[in-house]
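Asks: Sharing structure-v9.csv below, CSV, C-alpha atoms and all ligand atoms:
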chain,number,residue,atom,x,y,z
A,1455,MET,CA,-0.8,-45.8,38.4
A,1456,ARG,CA,1.2,-43.5,36.2
A,1457,GLY,CA,4.7,-42.3,36.8
A,1458,ILE,CA,7.4,-40.2,35.0
A,1459,ILE,CA,10.7,-41.8,34.4
A,1460,PHE,CA,13.9,-40.1,33.3
A,1461,LEU,CA,15.4,-41.9,30.3
A,1462,GLY,CA,18.4,-39.6,30.1
A,1463,GLU,CA,19.3,-36.9,27.7
A,1464,LYS,CA,16.2,-34.9,28.7
A,1465,GLN,CA,13.8,-37.6,27.6
A,1466,LEU,CA,10.9,-38.4,29.9
A,1467,GLU,CA,8.3,-41.1,29.7
A,1468,LEU,CA,4.9,-41.3,31.3
A,1469,ARG,CA,4.8,-45.0,32.1
A,1470,GLU,CA,2.0,-47.2,33.6
A,1471,PHE,CA,3.1,-49.0,36.7
A,1472,PRO,CA,1.3,-51.6,38.8
A,1473,GLU,CA,-0.8,-50.1,41.7
A,1474,PRO,CA,1.4,-49.9,44.8
A,1475,ILE,CA,0.6,-52.3,47.6
A,1476,PRO,CA,1.8,-51.3,51.1
A,1477,SER,CA,4.1,-53.6,53.1
A,1478,SER,CA,3.3,-53.9,56.8
A,1479,SER,CA,5.3,-50.7,57.6
A,1480,GLU,CA,4.3,-48.7,54.6
A,1481,VAL,CA,1.5,-46.3,53.6
A,1482,ILE,CA,0.2,-45.4,50.2
A,1483,VAL,CA,0.4,-41.7,49.5
A,1484,GLU,CA,-1.9,-40.3,46.9
A,1485,MET,CA,0.1,-37.5,45.4
A,1486,HIS,CA,-1.2,-33.9,45.4
A,1487,ALA,CA,2.0,-32.0,44.5
A,1488,SER,CA,5.5,-33.0,43.5
A,1489,GLY,CA,8.2,-30.3,43.1
A,1490,LEU,CA,11.0,-30.0,40.6
A,1491,CYS,CA,14.3,-29.5,42.3
A,1492,GLY,CA,17.6,-28.2,40.8
A,1493,SER,CA,19.2,-31.6,41.6
A,1494,ASP,CA,16.6,-33.3,39.3
A,1495,LEU,CA,18.3,-31.7,36.4
A,1496,ARG,CA,21.3,-34.0,36.7
A,1497,PRO,CA,19.4,-37.2,36.1
A,1498,TYR,CA,17.3,-35.4,33.6
A,1499,ARG,CA,20.3,-34.4,31.5
A,1500,THR,CA,22.4,-37.6,32.2
A,1501,PRO,CA,23.7,-39.6,29.2
A,1502,LYS,CA,21.3,-42.4,28.3
A,1503,ILE,CA,24.1,-44.9,28.9
A,1504,GLU,CA,24.3,-43.8,32.6
A,1505,ALA,CA,20.5,-43.5,33.2
A,1506,GLY,CA,20.2,-47.1,34.1
A,1507,ASP,CA,18.2,-50.0,32.6
A,1508,PRO,CA,15.1,-48.3,31.3
A,1509,THR,CA,13.0,-51.3,32.2
A,1510,GLN,CA,14.0,-51.0,35.9
A,1511,LEU,CA,13.6,-47.2,36.3
A,1512,LYS,CA,11.4,-45.8,39.1
A,1513,ALA,CA,9.2,-42.8,39.0
A,1514,ALA,CA,11.3,-39.6,39.6
A,1515,GLY,CA,10.6,-36.7,41.9
A,1516,HIS,CA,12.1,-36.3,45.4
A,1517,GLU,CA,9.6,-33.7,46.7
A,1518,PRO,CA,6.4,-35.8,47.2
A,1519,CYS,CA,3.5,-34.4,49.1
A,1520,GLY,CA,0.0,-35.9,49.4
A,1521,GLN,CA,-2.6,-37.7,51.4
A,1522,ILE,CA,-2.6,-41.2,52.9
A,1523,LYS,CA,-5.0,-43.5,51.1
A,1524,GLU,CA,-4.1,-46.8,52.7
A,1525,ILE,CA,-1.9,-48.1,55.6
A,1526,GLY,CA,0.0,-51.3,56.2
A,1527,SER,CA,-1.0,-53.8,58.9
A,1528,GLU,CA,1.8,-52.6,61.4
A,1529,VAL,CA,1.3,-48.8,60.8
A,1530,HIS,CA,0.0,-47.3,64.0
A,1531,TYR,CA,1.0,-43.7,64.0
A,1532,LEU,CA,-0.4,-42.6,60.6
A,1533,LYS,CA,-4.0,-43.0,59.4
A,1534,VAL,CA,-5.9,-42.8,56.2
A,1535,GLY,CA,-6.6,-39.2,55.3
A,1536,ASP,CA,-3.5,-37.8,56.9
A,1537,ARG,CA,-1.7,-35.1,54.9
A,1538,VAL,CA,2.0,-35.8,54.7
A,1539,ILE,CA,5.3,-34.6,53.2
A,1540,VAL,CA,7.7,-37.4,52.2
A,1541,HIS,CA,11.3,-37.1,53.5
A,1542,HIS,CA,12.8,-38.8,50.5
A,1543,TYR,CA,15.3,-41.1,52.2
A,1544,LEU,CA,15.1,-44.2,54.3
A,1545,GLY,CA,18.0,-45.8,56.4
A,1546,CYS,CA,18.2,-48.5,59.0
A,1547,GLY,CA,15.9,-46.6,61.4
A,1548,TYR,CA,18.0,-47.4,64.4
A,1549,CYS,CA,21.5,-45.8,64.1
A,1550,LYS,CA,22.1,-42.5,65.8
A,1551,TRP,CA,21.6,-40.5,62.6
A,1552,CYS,CA,18.4,-42.3,61.6
A,1553,LEU,CA,17.1,-41.7,65.2
A,1554,ALA,CA,18.0,-38.0,64.8
A,1555,GLY,CA,15.8,-37.9,61.7
A,1556,TYR,CA,18.8,-37.8,59.2
A,1557,SER,CA,18.1,-41.1,57.5
A,1558,GLN,CA,20.2,-39.8,54.6
A,1559,LEU,CA,23.2,-40.0,56.9
A,1560,CYS,CA,22.5,-43.6,58.0
A,1561,ILE,CA,25.8,-45.3,59.1
A,1562,ASP,CA,24.6,-48.9,59.2
A,1563,PRO,CA,26.6,-50.5,56.4
A,1564,ASN,CA,24.2,-53.4,56.2
A,1565,ALA,CA,21.0,-51.3,55.9
A,1566,LYS,CA,19.3,-51.1,52.5
A,1567,LYS,CA,19.1,-47.4,51.9
A,1568,LEU,CA,16.2,-46.1,49.9
A,1569,TYR,CA,15.8,-42.9,47.9
A,1570,TYR,CA,12.3,-42.1,46.9
A,1571,GLY,CA,12.5,-40.9,43.4
A,1572,ARG,CA,15.5,-43.1,42.5
A,1573,THR,CA,15.6,-46.6,44.2
A,1574,ASN,CA,11.9,-46.4,44.8
A,1575,HIS,CA,9.0,-44.5,43.1
A,1576,GLY,CA,9.0,-40.8,44.0
A,1577,GLY,CA,6.6,-37.9,43.7
A,1578,HIS,CA,6.2,-37.9,39.9
A,1579,ALA,CA,3.6,-40.7,40.3
A,1580,ASP,CA,-0.1,-40.8,41.1
A,1581,ARG,CA,0.4,-43.0,44.2
A,1582,ILE,CA,3.5,-44.4,45.9
A,1583,ALA,CA,4.3,-46.8,48.8
A,1584,VAL,CA,6.3,-45.0,51.5
A,1585,ASN,CA,7.7,-46.3,54.8
A,1586,GLU,CA,5.7,-44.6,57.6
A,1587,ASN,CA,9.0,-43.3,59.2
A,1588,ALA,CA,9.6,-41.3,56.0
A,1589,CYS,CA,6.3,-39.4,56.4
A,1590,VAL,CA,6.0,-36.1,58.1
A,1591,LEU,CA,2.6,-34.8,59.1
A,1592,MET,CA,1.7,-31.4,57.7
A,1593,PRO,CA,0.3,-28.4,59.6
A,1594,GLU,CA,-3.3,-27.7,58.7
A,1595,HIS,CA,-2.7,-24.5,56.8
A,1596,LEU,CA,0.2,-25.6,54.7
A,1597,SER,CA,-0.8,-26.3,51.1
A,1598,TYR,CA,0.3,-29.4,49.3
A,1599,GLU,CA,2.4,-27.3,47.0
A,1600,GLU,CA,4.1,-25.6,49.9
A,1601,GLY,CA,4.7,-29.0,51.5
A,1602,ALA,CA,6.3,-30.3,48.4
A,1603,ALA,CA,8.6,-27.3,48.3
A,1604,CYS,CA,9.6,-27.9,51.9
A,1605,ALA,CA,10.4,-31.5,51.1
A,1606,CYS,CA,13.8,-30.5,49.5
A,1607,GLY,CA,14.4,-27.0,48.2
A,1608,THR,CA,12.8,-24.8,50.8
A,1609,GLY,CA,13.8,-27.2,53.6
A,1610,THR,CA,17.4,-27.1,52.4
A,1611,ALA,CA,17.4,-23.3,52.5
A,1612,TYR,CA,15.9,-23.3,56.0
A,1613,ASP,CA,18.5,-25.6,57.5
A,1614,ALA,CA,21.4,-23.7,55.8
A,1615,ILE,CA,20.1,-20.4,57.2
A,1616,ARG,CA,19.9,-21.8,60.6
A,1617,ARG,CA,23.4,-23.1,60.4
A,1618,LEU,CA,24.5,-19.6,59.2
A,1619,ALA,CA,22.5,-18.1,62.1
A,1620,VAL,CA,21.2,-15.3,59.8
A,1621,SER,CA,19.7,-12.5,61.8
A,1622,GLY,CA,18.5,-9.0,61.5
A,1623,ARG,CA,22.0,-7.8,62.2
A,1624,ASP,CA,23.3,-9.4,59.0
A,1625,THR,CA,23.9,-8.5,55.4
A,1626,PHE,CA,23.2,-11.8,53.7
A,1627,ALA,CA,24.4,-12.5,50.2
A,1628,ILE,CA,22.9,-15.3,48.2
A,1629,TYR,CA,24.3,-16.7,45.0
A,1630,GLY,CA,21.6,-18.2,42.7
A,1631,GLN,CA,17.8,-17.6,42.8
A,1632,GLY,CA,16.5,-20.9,41.8
A,1633,PRO,CA,14.0,-22.6,44.2
A,1634,VAL,CA,16.6,-22.9,47.0
A,1635,GLY,CA,17.9,-19.4,46.6
A,1636,LEU,CA,14.5,-17.9,46.4
A,1637,SER,CA,13.5,-19.7,49.6
A,1638,ALA,CA,16.6,-18.3,51.2
A,1639,THR,CA,15.6,-14.8,50.2
A,1640,LEU,CA,12.2,-15.4,51.8
A,1641,PHE,CA,13.8,-16.7,55.1
A,1642,GLY,CA,16.5,-14.0,55.0
A,1643,VAL,CA,13.9,-11.2,54.6
A,1644,ALA,CA,11.8,-12.8,57.4
A,1645,THR,CA,14.7,-12.7,59.8
A,1646,GLY,CA,15.1,-9.0,59.1
A,1647,ALA,CA,18.5,-9.4,57.4
A,1648,ARG,CA,19.5,-7.2,54.6
A,1649,VAL,CA,19.4,-9.6,51.6
A,1650,LEU,CA,21.6,-9.1,48.5
A,1651,VAL,CA,21.2,-11.7,45.6
A,1652,VAL,CA,23.4,-12.6,42.7
A,1653,GLU,CA,21.5,-14.1,39.7
A,1654,PRO,CA,22.1,-14.0,36.0
A,1655,VAL,CA,18.5,-14.6,34.9
A,1656,ALA,CA,16.4,-11.3,34.9
A,1657,TYR,CA,13.1,-13.2,35.6
A,1658,ARG,CA,14.6,-14.6,38.9
A,1659,ARG,CA,16.2,-11.2,39.9
A,1660,GLU,CA,12.8,-9.6,39.5
A,1661,LEU,CA,11.1,-12.3,41.5
A,1662,ALA,CA,13.8,-11.9,44.3
A,1663,LYS,CA,13.2,-8.2,44.4
A,1664,SER,CA,9.4,-8.7,44.7
A,1665,LEU,CA,10.2,-10.9,47.7
A,1666,GLY,CA,12.1,-8.2,49.5
A,1667,CYS,CA,15.8,-8.5,48.6
A,1668,GLU,CA,17.4,-5.1,48.6
A,1669,VAL,CA,19.7,-5.5,45.6
A,1670,ALA,CA,19.7,-8.1,42.8
A,1671,ILE,CA,23.1,-8.2,41.1
A,1672,ASN,CA,23.5,-9.4,37.5
A,1673,PRO,CA,26.9,-11.2,37.5
A,1674,LEU,CA,27.1,-11.0,33.7
A,1675,GLU,CA,27.2,-7.2,34.0
A,1676,THR,CA,28.7,-6.4,37.4
A,1677,ASN,CA,31.4,-8.1,39.4
A,1678,PRO,CA,29.3,-9.4,42.3
A,1679,VAL,CA,32.2,-9.5,44.8
A,1680,GLU,CA,33.0,-5.8,44.2
A,1681,ALA,CA,29.3,-4.9,44.2
A,1682,ILE,CA,28.7,-6.6,47.6
A,1683,LYS,CA,31.8,-4.9,49.1
A,1684,GLU,CA,30.6,-1.6,47.8
A,1685,LEU,CA,27.3,-2.2,49.6
A,1686,THR,CA,29.0,-3.2,52.9
A,1687,HIS,CA,31.6,-0.4,53.5
A,1688,GLY,CA,34.2,-2.4,51.7
A,1689,GLU,CA,34.0,-5.3,54.1
A,1690,GLY,CA,31.8,-8.0,52.5
A,1691,ALA,CA,28.6,-9.7,53.7
A,1692,ASP,CA,28.3,-11.1,57.2
A,1693,ALA,CA,26.9,-14.4,55.8
A,1694,THR,CA,27.0,-15.7,52.2
A,1695,PHE,CA,25.3,-18.7,50.6
A,1696,ASP,CA,25.9,-20.7,47.4
A,1697,CYS,CA,22.9,-22.3,45.8
A,1698,THR,CA,24.5,-22.8,42.4
A,1699,GLY,CA,27.1,-25.6,42.6
A,1700,ILE,CA,29.1,-23.7,39.9
A,1701,PRO,CA,32.9,-23.0,40.5
A,1702,GLU,CA,32.9,-19.2,40.0
A,1703,PRO,CA,29.9,-18.4,42.2
A,1704,ARG,CA,31.3,-20.8,44.8
A,1705,ASN,CA,34.5,-18.8,44.8
A,1706,ASN,CA,32.6,-15.6,45.0
A,1707,THR,CA,30.6,-16.9,47.9
A,1708,ILE,CA,33.9,-17.1,49.8
A,1709,LYS,CA,35.3,-13.9,48.4
A,1710,SER,CA,32.3,-11.8,49.2
A,1711,ALA,CA,32.1,-12.8,52.9
A,1712,ARG,CA,33.7,-10.4,55.3
A,1713,ILE,CA,36.6,-11.1,57.8
A,1714,PHE,CA,35.1,-13.4,60.4
A,1715,GLY,CA,32.2,-14.0,58.1
A,1716,ARG,CA,30.2,-17.2,57.6
A,1717,ALA,CA,29.6,-19.0,54.3
A,1718,CYS,CA,27.4,-22.0,53.5
A,1719,PHE,CA,27.3,-24.3,50.5
A,1720,VAL,CA,24.3,-26.4,49.3
A,1721,GLY,CA,24.8,-26.4,45.5
A,1722,GLU,CA,25.8,-29.9,44.6
A,1723,GLY,CA,28.2,-31.6,42.2
A,1724,GLY,CA,31.6,-31.1,40.6
A,1725,GLN,CA,34.8,-29.7,42.0
A,1726,THR,CA,36.0,-26.3,42.8
A,1727,SER,CA,39.4,-25.0,44.0
A,1728,PHE,CA,39.8,-22.3,46.6
A,1729,ASP,CA,42.8,-20.2,47.6
A,1730,ILE,CA,42.7,-21.6,51.2
A,1731,SER,CA,45.2,-19.1,52.7
A,1732,ARG,CA,44.1,-15.9,51.1
A,1733,ASP,CA,40.4,-16.5,51.0
A,1734,ILE,CA,39.6,-18.7,53.9
A,1735,ILE,CA,42.4,-19.0,56.6
A,1736,HIS,CA,43.5,-15.3,56.5
A,1737,LYS,CA,39.9,-14.2,56.6
A,1738,GLN,CA,39.0,-16.3,59.6
A,1739,LEU,CA,36.0,-17.7,57.8
A,1740,THR,CA,33.5,-20.2,59.1
A,1741,ILE,CA,32.3,-22.5,56.3
A,1742,TYR,CA,29.3,-24.8,56.4
A,1743,GLY,CA,28.2,-27.6,54.2
A,1744,SER,CA,24.5,-28.4,54.5
A,1745,TRP,CA,22.7,-31.4,52.9
A,1746,THR,CA,18.9,-31.1,52.8
A,1747,MET,CA,17.4,-31.6,56.3
A,1748,SER,CA,16.2,-34.1,58.9
A,1749,THR,CA,12.6,-35.2,59.3
A,1750,ILE,CA,12.5,-33.1,62.5
A,1751,ASP,CA,13.6,-30.0,60.5
A,1752,LEU,CA,11.1,-30.8,57.8
A,1753,ALA,CA,8.3,-30.7,60.4
A,1754,GLU,CA,9.9,-27.5,61.8
A,1755,VAL,CA,10.1,-25.6,58.5
A,1756,SER,CA,6.5,-26.6,57.7
A,1757,ASN,CA,5.3,-25.0,60.9
A,1758,TYR,CA,7.6,-22.0,60.4
A,1759,VAL,CA,6.1,-21.2,57.0
A,1760,VAL,CA,2.6,-21.3,58.5
A,1761,ASP,CA,3.4,-19.5,61.8
A,1762,HIS,CA,5.4,-16.7,60.1
A,1763,LYS,CA,2.9,-16.4,57.2
A,1764,LEU,CA,5.8,-16.8,54.8
A,1765,PRO,CA,4.5,-16.1,51.3
A,1766,LEU,CA,6.1,-19.4,50.1
A,1767,SER,CA,3.5,-19.9,47.4
A,1768,ARG,CA,4.8,-16.8,45.6
A,1769,ILE,CA,8.0,-18.6,44.6
A,1770,ILE,CA,5.9,-21.3,42.9
A,1771,THR,CA,5.5,-19.8,39.4
A,1772,HIS,CA,4.6,-22.8,37.2
A,1773,ARG,CA,2.2,-25.7,37.6
A,1774,PHE,CA,1.8,-28.7,35.3
A,1775,PRO,CA,-0.3,-31.9,35.4
A,1776,LEU,CA,1.8,-35.2,35.4
A,1777,GLU,CA,1.2,-35.8,31.7
A,1778,ARG,CA,2.9,-32.5,30.9
A,1779,ALA,CA,6.0,-33.2,33.0
A,1780,ASP,CA,8.1,-32.9,29.8
A,1781,GLU,CA,7.1,-29.3,29.4
A,1782,ALA,CA,7.6,-28.7,33.1
A,1783,TYR,CA,11.2,-29.8,32.9
A,1784,ARG,CA,11.9,-27.9,29.7
A,1785,ILE,CA,10.8,-24.6,31.2
A,1786,PHE,CA,12.5,-25.3,34.5
A,1787,GLU,CA,15.8,-26.0,32.8
A,1788,SER,CA,15.5,-22.7,30.9
A,1789,GLY,CA,15.8,-20.9,34.2
A,1790,GLN,CA,12.8,-18.7,33.4
A,1791,THR,CA,10.9,-19.9,36.4
A,1792,GLY,CA,10.7,-19.9,40.1
A,1793,LYS,CA,9.6,-23.2,41.6
A,1794,VAL,CA,7.9,-25.6,39.2
A,1795,MET,CA,5.3,-28.1,40.5
A,1796,ILE,CA,3.6,-31.2,39.2
A,1797,VAL,CA,0.1,-30.9,40.6
A,1798,TRP,CA,-3.0,-33.1,40.7
A,1799,PRO,CA,-6.5,-31.7,40.4
B,1801,ZN,ZN,20.6,-45.7,60.1
B,1802,ZN,ZN,16.4,-31.6,46.0
Represent the structure from my file as structure tokens, please.

Replies:
Amino acid sequence: MRGIIFLGEKQLELREFPEPIPSSSEVIVEMHASGLCGSDLRPYRTPKIEAGDPTQLKAAGHEPCGQIKEIGSEVHYLKVGDRVIVHHYLGCGYCKWCLAGYSQLCIDPNAKKLYYGRTNHGGHADRIAVNENACVLMPEHLSYEEGAACACGTGTAYDAIRRLAVSGRDTFAIYGQGPVGLSATLFGVATGARVLVVEPVAYRRELAKSLGCEVAINPLETNPVEAIKELTHGEGADATFDCTGIPEPRNNTIKSARIFGRACFVGEGGQTSFDISRDIIHKQLTIYGSWTMSTIDLAEVSNYVVDHKLPLSRIITHRFPLERADEAYRIFESGQTGKVMIVWP
């Protein structure tokens, strides 16, 4: 089978790997869609020296979605032909967080933790072996592309918005309109909230507007904190959400929340400093960190998309076959896209 590996410094290689053979607890997933996520840009850009031994690298991609082609001897729940989303982590399977579906939070120090797309082959491959416990069955009317989006970006937005308890009473401000931010716009609009977005790329602002956000602020032209206050009687938004991971928007996420407001962070990496007294304590803020989602939430977000007829496919703007992954990453990195997918015919 073929797989894409990240060599570092934006170099990809389409490599031939041996056909995967399932262990007793694994299934072979034939890939149909594999999303590009903002966090893939870190290993994509990493210096070659930090990319790892190129002979040992695994196929990238942590949003795998496809169909089961083969099952191991001890697999009883899943069967050949099932359509599944891969939750891209595996823990011990028995600690309380694994049992709660949060295998990424596994607390067993002796467990060998797997990350599909890093320690094991991920979605940018024709077929991969996956533990059956990492597979989530898809609802009938969810497309493979939508399933791949749910596997990280869209599922992350869903869980964060649930933490924030965004409702129709809220003005909800979102920093960043990449795949997570665009998904948050969709969910925010679906709850009836008034959605304001902050995004420097015109293409993404236009896409957000077409999904129903009320105002799309360009932070390169307008101070977003002042703009959000102006739109909220000087108070600030009820709920704010950072999908950028960049210090300035992170600070603005705090600053544009109202007194007794809620703020959530999902954008990863780096460090940011906050004025704790002025911007957090004295504003009585509630702050959430949210890291992807559990297998249970992954099943829930998949059903939500179908049941609420969420137009999730509209955020998927670019599709490429595996052999053009290089092009897919180049355009995704430019920011001139919504969600980008590797797809199989
Ligand atoms: Zn565990
Ligand atoms: Zn991700």

Asks: Using only C-alpha atoms, which protein or nucleic acid residues come within 8 Å of A:Arg1499? Drop anything in the same chain fewer than 3 positions from it, and give the result as a PyMOL selection string.

Replies: chain A and resi 1462-1464+1495-1496

Asks: Find, counting all atoms listed in the file, the residue in A:Met1455, A:Ala1505, A:Leu1568, A:Leu1511 that gets nearest to ligand ZN 1801 (chain B).

Replies: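 Going through A:Met1455, A:Ala1505, A:Leu1568, A:Leu1511 one by one, the smallest distance to ligand ZN 1801 (chain B) is for A:Leu1568.
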
Asks: Would you give me, as JSON lines, each residue of chain A having an atom within 8 Å of an atom of ligand ZN 1801 (chain B), along with its shortest atom pair and that distance in Å to one decimal, using all atoms listed in the file and sorting by chain and residue number?

Replies:
{"residue": "A:Gly1545", "atom": "CA", "partner": "B:ZN1801", "partner_atom": "ZN", "distance": 4.5}
{"residue": "A:Cys1546", "atom": "CA", "partner": "B:ZN1801", "partner_atom": "ZN", "distance": 3.8}
{"residue": "A:Gly1547", "atom": "CA", "partner": "B:ZN1801", "partner_atom": "ZN", "distance": 5.0}
{"residue": "A:Tyr1548", "atom": "CA", "partner": "B:ZN1801", "partner_atom": "ZN", "distance": 5.3}
{"residue": "A:Cys1549", "atom": "CA", "partner": "B:ZN1801", "partner_atom": "ZN", "distance": 4.1}
{"residue": "A:Lys1550", "atom": "CA", "partner": "B:ZN1801", "partner_atom": "ZN", "distance": 6.7}
{"residue": "A:Trp1551", "atom": "CA", "partner": "B:ZN1801", "partner_atom": "ZN", "distance": 5.9}
{"residue": "A:Cys1552", "atom": "CA", "partner": "B:ZN1801", "partner_atom": "ZN", "distance": 4.3}
{"residue": "A:Leu1553", "atom": "CA", "partner": "B:ZN1801", "partner_atom": "ZN", "distance": 7.4}
{"residue": "A:Ser1557", "atom": "CA", "partner": "B:ZN1801", "partner_atom": "ZN", "distance": 5.8}
{"residue": "A:Leu1559", "atom": "CA", "partner": "B:ZN1801", "partner_atom": "ZN", "distance": 7.0}
{"residue": "A:Cys1560", "atom": "CA", "partner": "B:ZN1801", "partner_atom": "ZN", "distance": 3.5}
{"residue": "A:Ile1561", "atom": "CA", "partner": "B:ZN1801", "partner_atom": "ZN", "distance": 5.3}
{"residue": "A:Asp1562", "atom": "CA", "partner": "B:ZN1801", "partner_atom": "ZN", "distance": 5.2}
{"residue": "A:Ala1565", "atom": "CA", "partner": "B:ZN1801", "partner_atom": "ZN", "distance": 7.0}

Asks: Return as an NGL selection string every polymer residue, whether protein, DNA or RNA, with at least one atom no more than 9 Å from an atom of ligand ZN 1802 (chain B); count all atoms listed in the file.

Replies: :A and (1489-1494 or 1515-1517 or 1605-1607 or 1610 or 1634 or 1746)

Asks: Write out as an MDAnalysis selection string which residues come within 6 Å of A:Pro1633 when counting only C-alpha atoms, dropping same-chain ones fewer than 3 positions away.

Replies: chainID A and resid 1607 1636 1792:1793

Asks: Compare A:His1541, A:Arg1784, A:Leu1766, A:Pro1775 by their minimum atom-to-atom distance to A:Leu1468, counting only C-alpha atoms, and give me the closest one.

Replies: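 So, comparing all the options, the nearest one is A:Pro1775.
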
Asks: Using all atoms listed in the file, pick whichever of A:Ser1527, A:His1578, A:Gly1721, A:Gly1571 has the shortest atom-to-atom distance to A:Met1485.

Replies: A:His1578

Asks: Report, in Å to a single decimal, how far apart atom CA of A:Asp1696 and atom CA of A:Leu1544 are.

Replies: 26.8 Å

Asks: Find the spatial neighbours of A:Glu1528, counting all atoms listed in the file, within a cut-off of 10 Å - ignore same-chain residues fewer than 6 positions away - and output them as a ChimeraX atom specification.

Replies: /A:1477-1480,1586

Asks: Store the residues picked out above, limited to C-alpha atoms, as a CSV table (one decimal), in the frame of the given file.

Replies:
chain,number,residue,atom,x,y,z
A,1477,SER,CA,4.1,-53.6,53.1
A,1478,SER,CA,3.3,-53.9,56.8
A,1479,SER,CA,5.3,-50.7,57.6
A,1480,GLU,CA,4.3,-48.7,54.6
A,1586,GLU,CA,5.7,-44.6,57.6

Asks: Please measure the separation of atom CA of A:Leu1661 and atom CA of A:Thr1639, giving the value in Å to one decimal.

Replies: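 Between atom CA of A:Leu1661 and atom CA of A:Thr1639 the gap works out to 10.1 Å.
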
Asks: With all atoms listed in the file as the basis for distance, which of A:Thr1500, A:Asn1585, A:Ser1748, A:Gln1558 is at the shortest distance from A:Pro1476?

Replies: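 Looking only at the distances to A:Pro1476, the closest residue turns out to be A:Asn1585.
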
Asks: In Å, rounded to a single decimal, give me how far atom CA of A:Arg1712 is from atom CA of A:Thr1625.

Replies: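 Computed distance, atom CA of A:Thr1625 to atom CA of A:Arg1712, equals 10.0 Å.
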
Asks: For A:Tyr1657, work out the shell of residues within 12 Å, counting all atoms listed in the file and skipping chain neighbours fewer than 5 positions away, then give it as a ChimeraX atom specification.

Replies: /A:1631-1632,1636,1662-1664,1670,1672,1769,1771,1788-1792

Asks: Restricting the calculation to only C-alpha atoms: of A:Lys1512, A:Arg1616, A:Lys1533, A:His1687, which residue gets closest to A:Asp1751?

Replies: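 Closest residue, counting only C-alpha atoms: A:Arg1616.
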
Asks: Just checking: using only C-alpha atoms, which residue out of A:Ala1753, A:Val1540, A:Ala1514, A:Cys1519 ends up closest to A:Ala1588?

Replies: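 Nearest candidate to A:Ala1588 out of A:Ala1753, A:Val1540, A:Ala1514, A:Cys1519: A:Val1540.
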
Asks: Counting only C-alpha atoms, what is within 9 Å of stretch 1725-1741 of chain A, bar same-chain residues fewer than 4 positions away, as a list in words?

Replies: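 In the requested format, the answer is Leu1618, Gly1699, Ile1700, Pro1701, Glu1702, Arg1704, Asn1705, Ile1708, Lys1709, Ala1711, Arg1712, Ile1713, Phe1714, Gly1715, Arg1716, Ala1717, Cys1718 and Phe1719 of chain A.
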
Asks: The residues within 12 Å of (32.0, -9.9, 37.2), using all atoms listed in the file and the coordinates of the file, should be reported as a ChimeraX atom specification; which are they?

Replies: /A:1652-1654,1671-1682,1702-1703,1705-1706

Asks: For stretch 1487-1524 of chain A in the structure I just supplied, write out C-alpha atoms - as a compact mmCIF listing (two decimals), in the first residue's frame.

Replies:
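Result written to result_26.txt:
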# COMPACT_ATOMS: atom_id res chain seq x y z
CA ALA A 1487 -11.18 10.14 2.96
CA SER A 1488 -8.39 11.57 5.11
CA GLY A 1489 -8.52 15.18 6.28
CA LEU A 1490 -5.77 17.74 6.65
CA CYS A 1491 -5.87 19.34 10.10
CA GLY A 1492 -4.18 22.54 11.27
CA SER A 1493 -2.04 20.53 13.68
CA ASP A 1494 -0.59 18.58 10.71
CA LEU A 1495 1.18 21.77 9.69
CA ARG A 1496 3.57 21.44 12.65
CA PRO A 1497 5.12 18.09 11.56
CA TYR A 1498 4.83 19.29 7.96
CA ARG A 1499 7.01 22.32 8.69
CA THR A 1500 9.29 20.74 11.29
CA PRO A 1501 13.07 20.90 10.71
CA LYS A 1502 14.33 17.70 9.05
CA ILE A 1503 16.56 17.00 12.02
CA GLU A 1504 13.46 16.76 14.24
CA ALA A 1505 11.28 14.82 11.78
CA GLY A 1506 12.65 11.47 12.96
CA ASP A 1507 14.54 8.71 11.18
CA PRO A 1508 13.13 8.83 7.64
CA THR A 1509 13.36 5.05 7.32
CA GLN A 1510 11.05 4.61 10.35
CA LEU A 1511 8.41 7.22 9.57
CA LYS A 1512 4.76 6.18 9.38
CA ALA A 1513 2.07 7.44 7.03
CA ALA A 1514 0.69 10.77 8.31
CA GLY A 1515 -2.93 11.86 8.68
CA HIS A 1516 -4.97 11.78 11.89
CA GLU A 1517 -8.44 12.06 10.36
CA PRO A 1518 -8.87 8.62 8.75
CA CYS A 1519 -12.26 7.47 7.49
CA GLY A 1520 -13.07 4.41 5.45
CA GLN A 1521 -14.48 0.93 5.21
CA ILE A 1522 -13.43 -2.29 6.92
CA LYS A 1523 -11.84 -4.72 4.52
CA GLU A 1524 -10.61 -7.42 6.88
